[in-house]
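Peer 1: Here it is: the structure, laid out below.
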Amino acid sequence: MAAIDQPAARSNFQRPHRIVIVGGGVGGLGLATRLGETLGKAGDAQIVLIDRSPTHFWKPLLHEAASGQIDPATHQLQYAVQAQRNGFEFEQGELAGIDRAERLAMIGATHDADGREILPARQLAFDTLVLALGSVTNFFGVRGAAEHALPLESVVHAETFRRKLLDACIRANHTRRTNPAQAVEPVSINIVGAGATGVELAAALRDTVRLLNRYSLFALDPVRDFRIRLIEGSARVLPALSNEISDRAQRMLCGLGVDVLTDTRVTEVRTDAVFTHGGVQLPSDIAIWTAGIAGPPVLRAMDGVAVNRSAQVLVNRTLQTTDDTNIFALGDCAACPSHSADVFLAPRAQVAHQQAVFLAQAMKCRVTGRALPEFTYRDAGTLVGFGNKGAIGSLSGLRARPIFVDGWLATVVYKLIYRKHIMTLTGFTGMAFDTASHWLRRCAQPLIKLH
Ligand SMILES: Cc1cc2nc3c(=O)[nH]c(=O)nc-3n(C[C@H](O)[C@H](O)[C@H](O)COP(=O)(O)OP(=O)(O)OC[C@H]3O[C@@H](n4cnc5c(N)ncnc54)[C@H](O)[C@@H]3O)c2cc1C
């Protein structure tokens, strides 16, 4: 049943209505761009986007950045430019809290690398607030995990991982060269969590170590000198997907030389080892945690905004928070009911994108005081990338049941998903130029980022 959005008709809203979106990720930036193009340019609403970072990066590319296969700097979109072109305003800063009664978003101060303040802490008034903060890694309280396992949430994490990988290769290569007679331990990379992120990272790393071998500084044997382990607590890889996709993924990973450990729960992470529930100690040069997500900690601290056990904001089908009709949430930070009230939609780019498209329409209703529609998610399927071996997965909506896809079709569709995201933000021409520039860059640049 559609909810009547009474507060939108109240006279104490500012004119024009101010919509503040916090978080410029898949959902938030898509929404700001759409609203800027419509309500913003028409002067019907003032659209403000807040993000702690000056640039947007599409998170599903993070495993490619971490494995050095793309240079994240060339895939970042600057919020200030996007705002100027699409009729919204951009404020850089980190959301520190909200004052619901006064309808204020509290933004923390920003500092430069030397700790000097660039912008002071400030408050931003809103009529409508949209929380689109994404998620943080959930280490599930495993001992040492937060300290010694890297998360993969941002470009900074991806770059840290890549640097550690290169350093470990240089170290092992030097040891092998200077002590040819001595047995040298392989470089051990432990990926905890065999969901889509862990699987894609493991496959990408297999490509990377093969490509690194051609440079003398990193001249290690891609098979003998590397151990890439994928550790999963449940009985199969990709546990959220069908058995068919899971079995096929497991076979592909084994074919690539990834050690897959299923039914294996990690109990502790140290700088040089990962321990599993059976008391097994696995050597570790780098551990990376891709095993789960939670809402950002700031959400737990917000007075009057109800969250679930994973700190995701509880929303109803209008995407309004259950406690405050002036506050909406979408994407990973929102616990949005799926087919039943106690089953939530998975944290996926597809969900965030569809919710942004939905809210762009719903906000038009809200600023004119009309009834809000309700969000319905349509699953288009799931594709998982295996580096140069292509992609596999399922596509939904073509037949009554999802169909399994692999080969060129799966690979082409997988690659088109990112292009579609860029097209959403920059239009067809922008996407075409972006694609061409990346293609030319790939012809001219080394296949792995080494610096
Ligand atoms: C490595 C990896 C691979 C993935 N692959 C896939 C895939 O293949 N398919 C798929 O469907 N999904 C994939 N996902 C999940 C997908 O990326 C997320 O579901 C999606 O990005 C969620 O979008 P969002 O808008 O909710 O948040 P995000 O895209 O994460 O954006 C959140 C934004 O909020 C900003 N922010 C956070 N906190 C604050 C704060 N306090 N103040 C200001 N700004 C803040 C961040 O800087 C960021 O810009 C992957 C995720 C990862 C990490």
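Just so we're on the same page: first chain in the structure tokens is A, next is B, and so on; residues restart at 1 for each chain, and ligands are numbered from 1 in the order they show up.
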Run DSSP on the backbone of this structure and report the residues of region 71-110 of chain A it assigns to alpha helix (DSSP H), as a PDB file with N, CA and C atoms, in the first residue's frame.
Peer 2:
ATOM      1  N   TYR A  79      33.544  14.248  -7.981  1.00  0.00           N
ATOM      2  CA  TYR A  79      32.198  14.693  -7.582  1.00  0.00           C
ATOM      3  C   TYR A  79      31.935  16.148  -7.974  1.00  0.00           C
ATOM      4  N   ALA A  80      32.944  17.023  -7.782  1.00  0.00           N
ATOM      5  CA  ALA A  80      32.733  18.448  -8.053  1.00  0.00           C
ATOM      6  C   ALA A  80      32.360  18.662  -9.524  1.00  0.00           C
ATOM      7  N   VAL A  81      33.006  17.911 -10.412  1.00  0.00           N
ATOM      8  CA  VAL A  81      32.730  18.051 -11.848  1.00  0.00           C
ATOM      9  C   VAL A  81      31.348  17.479 -12.169  1.00  0.00           C
ATOM     10  N   GLN A  82      31.064  16.302 -11.607  1.00  0.00           N
ATOM     11  CA  GLN A  82      29.770  15.661 -11.828  1.00  0.00           C
ATOM     12  C   GLN A  82      28.636  16.578 -11.341  1.00  0.00           C
ATOM     13  N   ALA A  83      28.860  17.250 -10.214  1.00  0.00           N
ATOM     14  CA  ALA A  83      27.848  18.145  -9.645  1.00  0.00           C
ATOM     15  C   ALA A  83      27.609  19.331 -10.577  1.00  0.00           C
ATOM     16  N   GLN A  84      28.705  19.932 -11.028  1.00  0.00           N
ATOM     17  CA  GLN A  84      28.579  21.121 -11.886  1.00  0.00           C
ATOM     18  C   GLN A  84      27.835  20.776 -13.187  1.00  0.00           C
ATOM     19  N   ARG A  85      28.091  19.591 -13.716  1.00  0.00           N
ATOM     20  CA  ARG A  85      27.468  19.213 -15.002  1.00  0.00           C
ATOM     21  C   ARG A  85      26.023  18.758 -14.864  1.00  0.00           C
ATOM     22  N   ASN A  86      25.637  18.333 -13.646  1.00  0.00           N
ATOM     23  CA  ASN A  86      24.326  17.683 -13.519  1.00  0.00           C
ATOM     24  C   ASN A  86      23.377  18.352 -12.537  1.00  0.00           C
TER      25      ASN A  86
END
Peer 1: Name all residues at most 6 Å from region 317-319 of chain A (count only C-alpha atoms; drop same-chain ones fewer than 2 positions away) and give them as a VMD selection string.
Peer 2: chain A and resid 315 328 to 329 374 to 375
Peer 1: Filtering to C-alpha atoms, could you give me those residues as a PDB file, in the first residue's frame?
Peer 2:
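And here's again_34.pdb as it stands now:
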ATOM      1  CA  VAL A 315      13.491   1.001   6.018  1.00  0.00           C
ATOM      2  CA  PHE A 328      15.407   7.628   3.538  1.00  0.00           C
ATOM      3  CA  ALA A 329      18.126   5.014   3.098  1.00  0.00           C
ATOM      4  CA  GLU A 374       6.710   1.394  -3.069  1.00  0.00           C
ATOM      5  CA  PHE A 375       9.961  -0.173  -4.157  1.00  0.00           C
TER       6      PHE A 375
END
Peer 1: Report the closest atom pair, with its distance in Å rounded to one decimal, for each residue of region 248-340 of chain A that has an atom no farther than 12 Å from region 388-405 of chain A; count only C-alpha atoms, sort by chain and then rising residue number, and write it as CSV.
Peer 2:
residue,atom,partner,partner_atom,distance
A:Arg248,CA,A:Ile392,CA,8.3
A:Ala249,CA,A:Ile392,CA,7.8
A:Gln250,CA,A:Ile392,CA,11.6
A:Arg251,CA,A:Ile392,CA,11.9
A:Met252,CA,A:Lys389,CA,8.6
A:Leu253,CA,A:Lys389,CA,10.3
A:Gly255,CA,A:Lys389,CA,10.4
A:Leu256,CA,A:Lys389,CA,9.1
Peer 1: Take CA of Glu117 (chain A) and CA of Pro54 (chain A) and report the distance between them in Å, one decimal.
Peer 2: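 Atom-to-atom, CA of Glu117 (chain A) to CA of Pro54 (chain A), that is 15.8 Å.
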Peer 1: Considering only C-alpha atoms, return as number ranges by chain whatever protein or nucleic-acid residues lie within 9 Å of Arg34 (chain A), sequence-local ones (same chain, fewer than 3 positions apart) excluded.
Peer 2: A: 29-31, 37-40, 86, 356-357, 360, 424-425
Peer 1: Mind writing the picked residues with C-alpha atoms as a compact mmCIF listing (two decimals), in the first residue's frame?
Peer 2:
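Wrote part-v3.txt, looks like this:
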# COMPACT_ATOMS: atom_id res chain seq x y z
CA LEU A 29 25.74 9.34 -6.95
CA GLY A 30 23.21 7.80 -9.31
CA LEU A 31 20.41 9.43 -7.32
CA GLU A 37 19.11 16.69 -13.91
CA THR A 38 15.38 16.90 -13.12
CA LEU A 39 14.43 18.71 -9.89
CA GLY A 40 17.76 20.52 -9.50
CA ASN A 86 24.33 17.68 -13.52
CA ALA A 356 18.37 5.08 -6.84
CA VAL A 357 16.18 4.92 -9.96
CA ALA A 360 14.57 9.63 -8.24
CA THR A 424 24.14 6.33 -16.11
CA LEU A 425 26.49 8.99 -14.76
Peer 1: Please identify the strand (DSSP E or B) residues within region 268-398 of chain A (assignment by DSSP from backbone atoms) and present them as number ranges by chain.
Peer 2: A: 268-269, 273-276, 281-283, 286-289, 293-294, 307, 313-315, 320-321, 327-329, 334-335, 337, 344, 372, 381-385, 391-395
Peer 1: Counting only C-alpha atoms and all ligand atoms, which protein, DNA or RNA residues come within 6 Å of ligand 1, given as a VMD selection string?
Peer 2: chain A and resid 22 to 28 50 to 53 56 59 to 60 62 to 63 93 to 95 132 to 135 152 to 153 197 331 to 333 347 to 350 352
Peer 1: Keeping only C-alpha atoms, write the selected residues as a PDB file, in the first residue's frame.
Peer 2:
ATOM      1  CA  VAL A  22      25.033  11.339   2.079  1.00  0.00           C
ATOM      2  CA  GLY A  23      27.336   8.944   0.235  1.00  0.00           C
ATOM      3  CA  GLY A  24      28.233   9.190  -3.438  1.00  0.00           C
ATOM      4  CA  GLY A  25      28.513   5.484  -4.267  1.00  0.00           C
ATOM      5  CA  VAL A  26      26.552   3.345  -6.703  1.00  0.00           C
ATOM      6  CA  GLY A  27      23.230   4.451  -5.191  1.00  0.00           C
ATOM      7  CA  GLY A  28      23.954   7.968  -3.899  1.00  0.00           C
ATOM      8  CA  ILE A  50      28.009  14.796   0.672  1.00  0.00           C
ATOM      9  CA  ASP A  51      30.899  12.348   0.489  1.00  0.00           C
ATOM     10  CA  ARG A  52      34.050  12.011   2.568  1.00  0.00           C
ATOM     11  CA  SER A  53      36.072  11.452  -0.591  1.00  0.00           C
ATOM     12  CA  HIS A  56      33.725   8.211  -6.907  1.00  0.00           C
ATOM     13  CA  LYS A  59      33.319  -0.725  -5.879  1.00  0.00           C
ATOM     14  CA  PRO A  60      32.867  -3.905  -7.973  1.00  0.00           C
ATOM     15  CA  LEU A  62      38.102  -3.042  -6.402  1.00  0.00           C
ATOM     16  CA  HIS A  63      39.439  -6.575  -6.907  1.00  0.00           C
ATOM     17  CA  GLY A  93      33.038  15.786   4.469  1.00  0.00           C
ATOM     18  CA  GLU A  94      32.143  12.843   6.661  1.00  0.00           C
ATOM     19  CA  LEU A  95      28.706  12.490   8.202  1.00  0.00           C
ATOM     20  CA  ALA A 132      23.590   6.099   1.026  1.00  0.00           C
ATOM     21  CA  LEU A 133      26.696   5.357   3.082  1.00  0.00           C
ATOM     22  CA  GLY A 134      27.438   1.866   1.769  1.00  0.00           C
ATOM     23  CA  SER A 135      28.980  -0.660   4.140  1.00  0.00           C
ATOM     24  CA  LEU A 152      38.510  -4.343   0.596  1.00  0.00           C
ATOM     25  CA  GLU A 153      36.143  -1.411   0.888  1.00  0.00           C
ATOM     26  CA  THR A 197      34.370 -10.618  -4.000  1.00  0.00           C
ATOM     27  CA  GLY A 331      21.967   0.522  -0.943  1.00  0.00           C
ATOM     28  CA  ASP A 332      24.206  -1.464   1.384  1.00  0.00           C
ATOM     29  CA  CYS A 333      23.469   0.688   4.450  1.00  0.00           C
ATOM     30  CA  PRO A 347      24.041  -5.750  -0.442  1.00  0.00           C
ATOM     31  CA  ARG A 348      24.586  -5.541  -4.172  1.00  0.00           C
ATOM     32  CA  ALA A 349      25.249  -2.831  -6.742  1.00  0.00           C
ATOM     33  CA  GLN A 350      22.138  -3.946  -8.613  1.00  0.00           C
ATOM     34  CA  ALA A 352      21.549   0.164  -4.918  1.00  0.00           C
TER      35      ALA A 352
END
Peer 1: Which of these residues is nearest to Gly257 (chain A), using only C-alpha atoms: A:Cys336, A:Ala96, A:Leu205, A:Ala73?
Peer 2: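 That would be A:Leu205, the residue with the smallest distance to Gly257 (chain A).
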Peer 1: Taking only C-alpha atoms into account, which of A:Ala371, A:Ile286, A:Ala168, A:Val155 comes nearest Ile70 (chain A)?
Peer 2: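 Counting only C-alpha atoms, the residue closest to Ile70 (chain A) is A:Val155.
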Peer 1: For Ile231 (chain A), list every protein, DNA or RNA residue within 6 Å, evaluated using only C-alpha atoms, and leave out those in the same chain fewer than 2 positions away; present the list as JSON, numbers by chain.
Peer 2: {"A": [192, 193, 261]}
Peer 1: Do you have the CA of Glu200 (chain A)-CA of Leu238 (chain A) distance handy?
Peer 2: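 CA of Glu200 (chain A) sits 10.5 Å away from CA of Leu238 (chain A).
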Peer 1: Quick one: pull the distance between CA of Ile107 (chain A) and CA of Val367 (chain A), Å, one decimal.
Peer 2: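 These two atoms are separated by 24.4 Å.
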Peer 1: Which residue, A:Lys164, A:Arg270, A:Lys364, A:Arg210, has the smallest gap to Ser284 (chain A) when you use only C-alpha atoms?
Peer 2: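 Between A:Lys164, A:Arg270, A:Lys364, A:Arg210, the residue approaching Ser284 (chain A) most closely is A:Arg270.
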Peer 1: Restrict the calculation to only C-alpha atoms, then for each residue of region 69-163 of chain A with any atom at most 12 Å from an atom of region 432-435 of chain A give the closest atom pair and their distance in Å to one decimal, rows by chain and rising residue number, as JSON lines.
Peer 2:
{"residue": "A:Thr74", "atom": "CA", "partner": "A:Asp434", "partner_atom": "CA", "distance": 9.4}
{"residue": "A:His75", "atom": "CA", "partner": "A:Asp434", "partner_atom": "CA", "distance": 8.8}
{"residue": "A:Gln76", "atom": "CA", "partner": "A:Asp434", "partner_atom": "CA", "distance": 11.0}
{"residue": "A:Leu77", "atom": "CA", "partner": "A:Asp434", "partner_atom": "CA", "distance": 10.7}
Peer 1: Restricting the calculation to only C-alpha atoms: of A:Gln361, A:Gln354, A:Asn308, A:Thr271, which residue gets closest to Ala334 (chain A)?
Peer 2: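 Residue with the minimum atom-to-atom distance to Ala334 (chain A): A:Asn308.
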Peer 1: Could you check the closest approach to Ala125 (chain A) for each of A:His111, A:Arg18, A:Arg163, A:Lys420 and tell me which residue wins, using only C-alpha atoms?
Peer 2: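 The closest residue to Ala125 (chain A) is A:Arg18.
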Peer 1: Need the shell around Leu299 (chain A): protein/DNA/RNA residues with any atom at most 9 Å away, counting only C-alpha atoms. Skip same-chain ones fewer than 3 positions apart. Format as a PyMOL selection string?
Peer 2: chain A and resi 97+295-296+302-303+305-307+311-313+333
Peer 1: Would you mind listing what lies within 6 Å of Ala149 (chain A) as a list in words, with only C-alpha atoms counted and same-chain residues fewer than 6 positions away left out?
Peer 2: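 Skipping anything fewer than 6 positions along the chain leaves Ala287, Ile288 and Trp289 of chain A.
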